[in-house]
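Quick look at start_16.txt (compact mmCIF, N, CA, C and O atoms):
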# COMPACT_ATOMS: atom_id res chain seq x y z
N MET A 25 -85.47 -47.86 -100.85
CA MET A 25 -85.16 -48.74 -101.94
C MET A 25 -84.54 -47.97 -103.11
O MET A 25 -83.65 -48.47 -103.76
N LYS A 26 -85.04 -46.73 -103.34
CA LYS A 26 -84.53 -45.93 -104.43
C LYS A 26 -83.07 -45.54 -104.18
O LYS A 26 -82.26 -45.53 -105.10
N LYS A 27 -82.70 -45.25 -102.92
CA LYS A 27 -81.32 -44.91 -102.59
C LYS A 27 -80.40 -46.10 -102.84
O LYS A 27 -79.29 -45.95 -103.33
N LEU A 28 -80.85 -47.29 -102.49
CA LEU A 28 -80.05 -48.50 -102.70
C LEU A 28 -79.82 -48.73 -104.18
O LEU A 28 -78.70 -49.03 -104.61
N TYR A 29 -80.85 -48.55 -104.99
CA TYR A 29 -80.75 -48.73 -106.44
C TYR A 29 -79.77 -47.71 -107.04
O TYR A 29 -78.91 -48.06 -107.85
N THR A 30 -79.88 -46.46 -106.60
CA THR A 30 -78.98 -45.40 -107.08
C THR A 30 -77.54 -45.70 -106.68
O THR A 30 -76.62 -45.53 -107.48
N ALA A 31 -77.33 -46.17 -105.47
CA ALA A 31 -75.98 -46.51 -105.00
C ALA A 31 -75.41 -47.67 -105.80
O ALA A 31 -74.24 -47.66 -106.18
N LEU A 32 -76.21 -48.68 -106.07
CA LEU A 32 -75.75 -49.83 -106.86
C LEU A 32 -75.42 -49.40 -108.29
O LEU A 32 -74.42 -49.83 -108.87
N LEU A 33 -76.26 -48.56 -108.87
CA LEU A 33 -76.03 -48.08 -110.23
C LEU A 33 -74.74 -47.25 -110.29
O LEU A 33 -73.91 -47.44 -111.19
N ALA A 34 -74.53 -46.37 -109.33
CA ALA A 34 -73.32 -45.55 -109.28
C ALA A 34 -72.08 -46.42 -109.07
O ALA A 34 -71.04 -46.23 -109.71
N GLY A 35 -72.18 -47.40 -108.18
CA GLY A 35 -71.05 -48.31 -107.93
C GLY A 35 -70.70 -49.12 -109.16
O GLY A 35 -69.53 -49.31 -109.49
N THR A 36 -71.70 -49.58 -109.89
CA THR A 36 -71.46 -50.34 -111.12
C THR A 36 -70.80 -49.46 -112.17
O THR A 36 -69.85 -49.89 -112.84
N ALA A 37 -71.26 -48.23 -112.30
CA ALA A 37 -70.66 -47.31 -113.27
C ALA A 37 -69.21 -47.02 -112.93
O ALA A 37 -68.34 -47.01 -113.80
N MET A 38 -68.91 -46.79 -111.66
CA MET A 38 -67.52 -46.52 -111.26
C MET A 38 -66.63 -47.73 -111.48
O MET A 38 -65.50 -47.62 -111.91
N ALA A 39 -67.15 -48.91 -111.20
CA ALA A 39 -66.37 -50.13 -111.41
C ALA A 39 -66.09 -50.32 -112.90
O ALA A 39 -64.99 -50.69 -113.30
N PHE A 40 -67.07 -50.04 -113.74
CA PHE A 40 -66.89 -50.17 -115.18
C PHE A 40 -65.85 -49.20 -115.69
O PHE A 40 -64.95 -49.55 -116.45
N ILE A 41 -65.92 -47.95 -115.24
CA ILE A 41 -64.95 -46.94 -115.64
C ILE A 41 -63.56 -47.32 -115.13
O ILE A 41 -62.58 -47.21 -115.84
N GLY A 42 -63.48 -47.82 -113.93
CA GLY A 42 -62.20 -48.25 -113.37
C GLY A 42 -61.59 -49.39 -114.15
O GLY A 42 -60.39 -49.44 -114.39
N LEU A 43 -62.40 -50.34 -114.59
CA LEU A 43 -61.88 -51.46 -115.35
C LEU A 43 -61.36 -51.03 -116.70
O LEU A 43 -60.39 -51.58 -117.21
N GLN A 44 -61.95 -50.02 -117.29
CA GLN A 44 -61.46 -49.53 -118.57
C GLN A 44 -60.07 -48.91 -118.41
O GLN A 44 -59.26 -48.99 -119.30
N GLY A 45 -59.80 -48.31 -117.27
CA GLY A 45 -58.51 -47.69 -117.03
C GLY A 45 -57.39 -48.69 -116.81
O GLY A 45 -56.23 -48.35 -116.89
N VAL A 46 -57.71 -49.95 -116.59
CA VAL A 46 -56.71 -50.97 -116.32
C VAL A 46 -56.09 -51.50 -117.60
O VAL A 46 -55.01 -52.05 -117.60
N ALA A 47 -56.76 -51.35 -118.74
CA ALA A 47 -56.25 -51.88 -120.00
C ALA A 47 -54.88 -51.27 -120.30
O ALA A 47 -54.65 -50.09 -120.10
N THR A 48 -53.96 -52.10 -120.80
CA THR A 48 -52.62 -51.63 -121.12
C THR A 48 -52.30 -51.94 -122.57
O THR A 48 -52.93 -52.78 -123.20
N ALA A 49 -51.29 -51.27 -123.08
CA ALA A 49 -50.85 -51.50 -124.45
C ALA A 49 -50.12 -52.83 -124.53
O ALA A 49 -49.73 -53.42 -123.52
N ALA A 50 -49.93 -53.29 -125.75
CA ALA A 50 -49.20 -54.53 -125.96
C ALA A 50 -47.79 -54.39 -125.39
O ALA A 50 -47.14 -53.36 -125.57
N PRO A 51 -47.29 -55.40 -124.68
CA PRO A 51 -45.97 -55.28 -124.07
C PRO A 51 -44.86 -55.24 -125.12
O PRO A 51 -44.95 -55.88 -126.15
N THR A 52 -43.85 -54.44 -124.85
CA THR A 52 -42.67 -54.38 -125.70
C THR A 52 -41.45 -54.68 -124.84
O THR A 52 -41.52 -54.64 -123.61
N GLU A 53 -40.35 -54.94 -125.48
CA GLU A 53 -39.13 -55.27 -124.76
C GLU A 53 -38.00 -54.36 -125.21
O GLU A 53 -38.13 -53.58 -126.14
N TRP A 54 -36.88 -54.51 -124.56
CA TRP A 54 -35.70 -53.70 -124.87
C TRP A 54 -35.03 -54.22 -126.13
O TRP A 54 -35.05 -55.42 -126.42
N PRO A 55 -34.37 -53.33 -126.88
CA PRO A 55 -33.61 -53.77 -128.05
C PRO A 55 -32.48 -54.71 -127.66
O PRO A 55 -31.92 -54.61 -126.56
N THR A 56 -32.14 -55.64 -128.55
CA THR A 56 -31.05 -56.59 -128.30
C THR A 56 -30.11 -56.59 -129.50
O THR A 56 -30.43 -56.10 -130.57
N GLY A 57 -28.95 -57.18 -129.31
CA GLY A 57 -27.95 -57.26 -130.37
C GLY A 57 -27.39 -55.89 -130.72
O GLY A 57 -27.13 -55.61 -131.89
N CYS A 58 -27.18 -55.06 -129.72
CA CYS A 58 -26.75 -53.68 -129.96
C CYS A 58 -25.23 -53.55 -129.96
O CYS A 58 -24.54 -54.20 -129.18
N VAL A 59 -24.75 -52.69 -130.85
CA VAL A 59 -23.33 -52.32 -130.89
C VAL A 59 -23.26 -50.81 -131.01
O VAL A 59 -24.17 -50.17 -131.54
N ASN A 60 -22.19 -50.23 -130.49
CA ASN A 60 -21.96 -48.79 -130.65
C ASN A 60 -20.46 -48.56 -130.69
O ASN A 60 -19.69 -49.26 -130.04
N TYR A 61 -20.05 -47.57 -131.51
CA TYR A 61 -18.63 -47.34 -131.72
C TYR A 61 -18.39 -45.94 -132.28
O TYR A 61 -19.31 -45.30 -132.80
N LYS A 62 -17.14 -45.49 -132.16
CA LYS A 62 -16.73 -44.21 -132.72
C LYS A 62 -16.81 -44.31 -134.24
O LYS A 62 -16.34 -45.29 -134.83
N SER A 63 -17.40 -43.31 -134.86
CA SER A 63 -17.52 -43.31 -136.31
C SER A 63 -16.14 -43.19 -136.95
O SER A 63 -15.38 -42.28 -136.62
N PRO A 64 -15.81 -44.09 -137.88
CA PRO A 64 -14.49 -44.01 -138.52
C PRO A 64 -14.40 -42.88 -139.56
O PRO A 64 -13.33 -42.48 -139.94
N LEU A 65 -15.55 -42.35 -140.00
CA LEU A 65 -15.55 -41.36 -141.06
C LEU A 65 -15.83 -39.94 -140.61
O LEU A 65 -15.50 -38.99 -141.30
N ALA A 66 -16.51 -39.78 -139.48
CA ALA A 66 -16.92 -38.44 -139.05
C ALA A 66 -16.73 -38.30 -137.54
O ALA A 66 -16.53 -39.28 -136.84
N GLY A 67 -16.81 -37.08 -137.06
CA GLY A 67 -16.65 -36.81 -135.64
C GLY A 67 -17.94 -37.08 -134.88
O GLY A 67 -18.72 -36.18 -134.63
N GLY A 68 -18.16 -38.33 -134.54
CA GLY A 68 -19.38 -38.68 -133.83
C GLY A 68 -19.40 -40.13 -133.41
O GLY A 68 -18.38 -40.81 -133.43
N TRP A 69 -20.58 -40.60 -133.04
CA TRP A 69 -20.76 -41.95 -132.50
C TRP A 69 -21.89 -42.65 -133.25
O TRP A 69 -22.89 -42.04 -133.59
N VAL A 70 -21.73 -43.95 -133.50
CA VAL A 70 -22.71 -44.76 -134.22
C VAL A 70 -23.28 -45.81 -133.29
O VAL A 70 -22.55 -46.38 -132.46
N ALA A 71 -24.57 -46.08 -133.41
CA ALA A 71 -25.23 -47.14 -132.64
C ALA A 71 -26.19 -47.89 -133.55
O ALA A 71 -26.79 -47.31 -134.46
N GLN A 72 -26.32 -49.20 -133.30
CA GLN A 72 -27.23 -50.04 -134.08
C GLN A 72 -27.61 -51.27 -133.28
O GLN A 72 -26.77 -51.84 -132.58
N CYS A 73 -28.87 -51.66 -133.36
CA CYS A 73 -29.36 -52.88 -132.72
C CYS A 73 -29.93 -53.80 -133.79
O CYS A 73 -30.66 -53.35 -134.67
N SER A 74 -29.61 -55.09 -133.70
CA SER A 74 -30.10 -56.03 -134.71
C SER A 74 -31.57 -56.35 -134.55
O SER A 74 -32.25 -56.68 -135.50
N SER A 75 -32.08 -56.26 -133.32
CA SER A 75 -33.50 -56.53 -133.07
C SER A 75 -34.05 -55.51 -132.08
O SER A 75 -33.58 -55.42 -130.95
N SER A 76 -35.07 -54.77 -132.50
CA SER A 76 -35.61 -53.75 -131.60
C SER A 76 -36.60 -54.34 -130.60
O SER A 76 -36.84 -53.76 -129.55
N ASN A 77 -37.22 -55.48 -130.90
CA ASN A 77 -38.19 -56.12 -130.01
C ASN A 77 -39.31 -55.18 -129.59
O ASN A 77 -39.87 -55.31 -128.50
N GLY A 78 -39.64 -54.22 -130.42
CA GLY A 78 -40.66 -53.25 -130.09
C GLY A 78 -40.13 -52.02 -129.38
O GLY A 78 -40.85 -51.06 -129.18
N GLY A 79 -38.85 -52.04 -128.98
CA GLY A 79 -38.24 -50.89 -128.32
C GLY A 79 -37.55 -49.98 -129.33
O GLY A 79 -37.70 -50.15 -130.54
N HIS A 80 -36.80 -49.02 -128.84
CA HIS A 80 -36.11 -48.07 -129.69
C HIS A 80 -34.71 -47.78 -129.14
O HIS A 80 -34.45 -48.04 -127.96
N TYR A 81 -33.85 -47.23 -129.98
CA TYR A 81 -32.48 -46.92 -129.58
C TYR A 81 -31.99 -45.70 -130.35
O TYR A 81 -32.54 -45.35 -131.40
N LYS A 82 -30.95 -45.05 -129.81
CA LYS A 82 -30.29 -43.96 -130.52
C LYS A 82 -28.88 -43.78 -129.97
O LYS A 82 -28.58 -44.18 -128.85
N ALA A 83 -28.02 -43.18 -130.78
CA ALA A 83 -26.63 -42.94 -130.40
C ALA A 83 -26.53 -41.69 -129.54
O ALA A 83 -27.33 -40.77 -129.66
N THR A 84 -25.52 -41.70 -128.68
CA THR A 84 -25.21 -40.51 -127.88
C THR A 84 -23.69 -40.31 -127.91
O THR A 84 -22.93 -41.29 -127.92
N ALA A 85 -23.26 -39.06 -127.99
CA ALA A 85 -21.82 -38.75 -128.07
C ALA A 85 -21.44 -37.74 -126.99
O ALA A 85 -22.22 -36.86 -126.66
N ILE A 86 -20.24 -37.92 -126.46
CA ILE A 86 -19.67 -36.94 -125.53
C ILE A 86 -18.49 -36.30 -126.26
O ILE A 86 -17.54 -36.99 -126.65
N CYS A 87 -18.58 -35.00 -126.48
CA CYS A 87 -17.60 -34.28 -127.28
C CYS A 87 -16.84 -33.28 -126.41
O CYS A 87 -17.41 -32.68 -125.49
N LYS A 88 -15.56 -33.11 -126.71
CA LYS A 88 -14.72 -32.19 -125.95
C LYS A 88 -14.39 -30.99 -126.81
O LYS A 88 -13.99 -31.11 -127.96
N ALA A 89 -14.55 -29.80 -126.22
CA ALA A 89 -14.25 -28.54 -126.93
C ALA A 89 -12.74 -28.43 -127.18
O ALA A 89 -11.94 -28.79 -126.32
N TRP A 90 -12.38 -27.93 -128.35
CA TRP A 90 -10.96 -27.79 -128.69
C TRP A 90 -10.24 -26.81 -127.78
O TRP A 90 -9.04 -26.93 -127.55
N ASP A 91 -10.96 -25.83 -127.25
CA ASP A 91 -10.31 -24.83 -126.40
C ASP A 91 -10.21 -25.27 -124.95
O ASP A 91 -9.86 -24.49 -124.07
N GLY A 92 -10.55 -26.54 -124.67
CA GLY A 92 -10.46 -27.07 -123.32
C GLY A 92 -11.67 -26.78 -122.46
O GLY A 92 -11.64 -26.98 -121.26
N GLY A 93 -12.73 -26.30 -123.07
CA GLY A 93 -13.96 -25.98 -122.33
C GLY A 93 -14.69 -27.23 -121.87
O GLY A 93 -14.13 -28.33 -121.81
N ASN A 94 -15.94 -27.04 -121.55
CA ASN A 94 -16.77 -28.13 -121.02
C ASN A 94 -17.04 -29.22 -122.04
O ASN A 94 -16.96 -29.00 -123.25
N LEU A 95 -17.39 -30.40 -121.52
CA LEU A 95 -17.83 -31.49 -122.38
C LEU A 95 -19.24 -31.20 -122.87
O LEU A 95 -20.04 -30.57 -122.18
N VAL A 96 -19.54 -31.66 -124.08
CA VAL A 96 -20.85 -31.45 -124.68
C VAL A 96 -21.45 -32.82 -124.96
O VAL A 96 -20.83 -33.67 -125.60
N ASN A 97 -22.67 -33.05 -124.44
CA ASN A 97 -23.38 -34.30 -124.68
C ASN A 97 -24.38 -34.10 -125.81
O ASN A 97 -25.21 -33.21 -125.75
N VAL A 98 -24.30 -34.94 -126.85
CA VAL A 98 -25.17 -34.82 -128.01
C VAL A 98 -25.84 -36.17 -128.26
O VAL A 98 -25.17 -37.20 -128.33
N ASP A 99 -27.18 -36.16 -128.37
CA ASP A 99 -27.93 -37.36 -128.72
C ASP A 99 -28.43 -37.25 -130.15
O ASP A 99 -28.74 -36.17 -130.63
N SER A 100 -28.53 -38.40 -130.81
CA SER A 100 -29.18 -38.44 -132.11
C SER A 100 -30.62 -37.97 -131.93
O SER A 100 -31.25 -38.24 -130.91
N VAL A 101 -31.16 -37.29 -132.91
CA VAL A 101 -32.51 -36.75 -132.80
C VAL A 101 -33.56 -37.84 -132.90
O VAL A 101 -34.48 -37.91 -132.09
N ALA A 102 -33.44 -38.71 -133.86
CA ALA A 102 -34.48 -39.71 -134.13
C ALA A 102 -34.21 -41.03 -133.42
O ALA A 102 -33.08 -41.53 -133.41
N TRP A 103 -35.25 -41.60 -132.81
CA TRP A 103 -35.18 -42.95 -132.24
C TRP A 103 -35.29 -43.94 -133.39
O TRP A 103 -36.09 -43.75 -134.31
N LYS A 104 -34.49 -45.00 -133.36
CA LYS A 104 -34.49 -46.03 -134.40
C LYS A 104 -35.10 -47.31 -133.83
O LYS A 104 -35.05 -47.56 -132.63
N ASN A 105 -35.67 -48.15 -134.72
CA ASN A 105 -36.25 -49.40 -134.23
C ASN A 105 -36.20 -50.53 -135.22
O ASN A 105 -36.78 -51.56 -134.99
N ASN A 106 -35.52 -50.40 -136.32
CA ASN A 106 -35.55 -51.49 -137.30
C ASN A 106 -34.17 -51.85 -137.85
O ASN A 106 -34.05 -52.22 -139.00
N GLY A 107 -33.15 -51.74 -137.05
CA GLY A 107 -31.81 -52.10 -137.49
C GLY A 107 -31.05 -50.98 -138.17
O GLY A 107 -29.91 -51.18 -138.58
N ASP A 108 -31.65 -49.81 -138.32
CA ASP A 108 -30.97 -48.68 -138.96
C ASP A 108 -29.85 -48.15 -138.08
O ASP A 108 -29.90 -48.27 -136.86
N LEU A 109 -28.87 -47.55 -138.73
CA LEU A 109 -27.79 -46.89 -137.99
C LEU A 109 -28.30 -45.60 -137.38
O LEU A 109 -29.06 -44.86 -138.00
N SER A 110 -27.86 -45.32 -136.17
CA SER A 110 -28.15 -44.06 -135.50
C SER A 110 -26.81 -43.34 -135.34
O SER A 110 -25.82 -43.96 -134.96
N PHE A 111 -26.78 -42.05 -135.64
CA PHE A 111 -25.53 -41.29 -135.60
C PHE A 111 -25.72 -40.02 -134.78
O PHE A 111 -26.67 -39.27 -134.99
N ALA A 112 -24.81 -39.79 -133.85
CA ALA A 112 -24.77 -38.56 -133.07
C ALA A 112 -23.48 -37.83 -133.44
O ALA A 112 -22.39 -38.35 -133.22
N ALA A 113 -23.61 -36.64 -134.02
CA ALA A 113 -22.46 -35.88 -134.51
C ALA A 113 -22.04 -34.83 -133.49
O ALA A 113 -22.87 -34.18 -132.87
N CYS A 114 -20.73 -34.66 -133.36
CA CYS A 114 -20.21 -33.61 -132.49
C CYS A 114 -20.36 -32.25 -133.19
O CYS A 114 -20.23 -32.16 -134.42
N PRO A 115 -20.61 -31.21 -132.42
CA PRO A 115 -20.73 -29.87 -133.01
C PRO A 115 -19.37 -29.35 -133.48
O PRO A 115 -18.33 -29.90 -133.11
N PRO A 116 -19.37 -28.27 -134.28
CA PRO A 116 -18.10 -27.69 -134.74
C PRO A 116 -17.19 -27.30 -133.56
O PRO A 116 -17.67 -26.96 -132.48
N HIS A 117 -15.90 -27.36 -133.80
CA HIS A 117 -14.85 -27.00 -132.84
C HIS A 117 -14.84 -27.91 -131.62
O HIS A 117 -14.43 -27.52 -130.54
N THR A 118 -15.29 -29.16 -131.80
CA THR A 118 -15.22 -30.19 -130.77
C THR A 118 -14.74 -31.47 -131.42
O THR A 118 -14.78 -31.62 -132.64
N SER A 119 -14.31 -32.42 -130.61
CA SER A 119 -13.94 -33.74 -131.11
C SER A 119 -14.55 -34.80 -130.20
O SER A 119 -14.77 -34.56 -129.00
N ILE A 120 -14.77 -35.96 -130.76
CA ILE A 120 -15.40 -37.05 -130.02
C ILE A 120 -14.48 -37.54 -128.91
O ILE A 120 -13.30 -37.74 -129.12
N GLN A 121 -15.01 -37.67 -127.71
CA GLN A 121 -14.25 -38.22 -126.59
C GLN A 121 -14.73 -39.64 -126.30
O GLN A 121 -13.94 -40.54 -126.09
N SER A 122 -16.05 -39.83 -126.25
CA SER A 122 -16.62 -41.16 -126.04
C SER A 122 -18.09 -41.11 -126.45
O SER A 122 -18.57 -40.08 -126.91
N GLY A 123 -18.77 -42.20 -126.29
CA GLY A 123 -20.18 -42.24 -126.67
C GLY A 123 -20.83 -43.51 -126.19
O GLY A 123 -20.24 -44.27 -125.43
N GLY A 124 -22.03 -43.72 -126.65
CA GLY A 124 -22.75 -44.91 -126.24
C GLY A 124 -24.09 -45.01 -126.94
O GLY A 124 -24.31 -44.38 -127.98
N ILE A 125 -24.96 -45.81 -126.35
CA ILE A 125 -26.28 -46.04 -126.92
C ILE A 125 -27.33 -45.84 -125.83
O ILE A 125 -27.11 -46.22 -124.69
N VAL A 126 -28.43 -45.22 -126.19
CA VAL A 126 -29.56 -45.01 -125.29
C VAL A 126 -30.70 -45.90 -125.79
O VAL A 126 -30.99 -45.89 -126.99
N THR A 127 -31.29 -46.69 -124.91
CA THR A 127 -32.37 -47.57 -125.32
C THR A 127 -33.62 -47.28 -124.48
O THR A 127 -33.53 -46.75 -123.39
N ARG A 128 -34.77 -47.65 -125.04
CA ARG A 128 -36.03 -47.57 -124.31
C ARG A 128 -36.91 -48.73 -124.76
O ARG A 128 -36.75 -49.25 -125.86
N SER A 129 -37.84 -49.12 -123.93
CA SER A 129 -38.65 -50.31 -124.22
C SER A 129 -39.97 -49.97 -124.90
O SER A 129 -40.86 -50.80 -124.94
N TYR A 130 -40.12 -48.81 -125.45
CA TYR A 130 -41.35 -48.44 -126.15
C TYR A 130 -41.05 -47.66 -127.40
O TYR A 130 -39.95 -47.24 -127.63

Represent the structure of the file as structure tokens.
Amino acid sequence: MKKLYTALLAGTAMAFIGLQGVATAAPTEWPTGCVNYKSPLAGGWVAQCSSSNGGHYKATAICKAWDGGNLVNVDSVAWKNNGDLSFAACPPHTSIQSGGIVTRSY
């Protein structure tokens, strides 16, 4: 009888611990109303979303070296989530070739 009680107690404890692991964070969604374009004032790329929906976004730029070297991919450092502009700047001695926006749902 003592073995059965111990087994039931252990099984209940494991089930309780397992149920705690199932809890998830509040669901978030992807940003919407996003636009991205070449910056008219600087050598880089701009991105902005009108609604983050709990997600985040940032600009990314693809820059070409003036000496014909490899392409350089540069992302904005900070993730944005409230309609702010995100800017990815090309490094010195490069120029913007193209760019885009990176989004995530958290």

To one decimal in Å, tell me the separation between atom O of Val59 of chain A and atom N of Ile86 of chain A.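 Taking atom O of Val59 of chain A as the start and atom N of Ile86 of chain A as the end point, the length is 13.8 Å.
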
Could you check how far atom C of Gly68 of chain A sits from atom CA of Thr56 of chain A, in Å to one decimal? 20.8 Å

Can you list, as a ChimeraX atom specification, every protein, DNA or RNA residue that comes within 8 Å of Val70 of chain A when you count only N, CA, C and O atoms, leaving out same-chain residues fewer than 2 positions away? /A:59-64,66-68,72,82-85,108-113,123-125

For atom N of Val98 of chain A and atom N of Cys73 of chain A, quote the distance in Å rounded to one decimal. 18.5 Å

Counting all atoms listed in the file, figure out which residue out of A:Trp90, A:Tyr81, A:Tyr130, A:Trp103 gets nearest to Thr118 of chain A.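 Of the candidates, the smallest distance to Thr118 of chain A is held by A:Trp90.
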
Quick one: of A:Ser119, A:Thr127, A:Ser75, A:Asn94, who's nearest to Asn106 of chain A, counting only C-alpha atoms?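 Under the stated criterion, the closest residue is A:Ser75.
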
Nearest-residue call for Ala71 of chain A, choices A:Lys88, A:Pro55, A:His117, A:Gly107, using only N, CA, C and O atoms: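 Using only N, CA, C and O atoms, Ala71 of chain A sits closest to A:Gly107.
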
Counting only C-alpha atoms, the option among A:Arg128, A:Leu65, A:Ala102, A:Gly93 closest to Gly78 of chain A: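 Going through A:Arg128, A:Leu65, A:Ala102, A:Gly93 one by one, the smallest distance to Gly78 of chain A is for A:Arg128.
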
The centre and edge lengths of an axis-aligned box containing all atoms of segment 103-113 of chain A present in the file, extended by 8 Å on each side, are to be given in Å to one decimal, as lines of an AutoDock Vina configuration file.
center_x = -29.4
center_y = -43.2
center_z = -135.6
size_x = 30.7
size_y = 34.0
size_z = 22.8
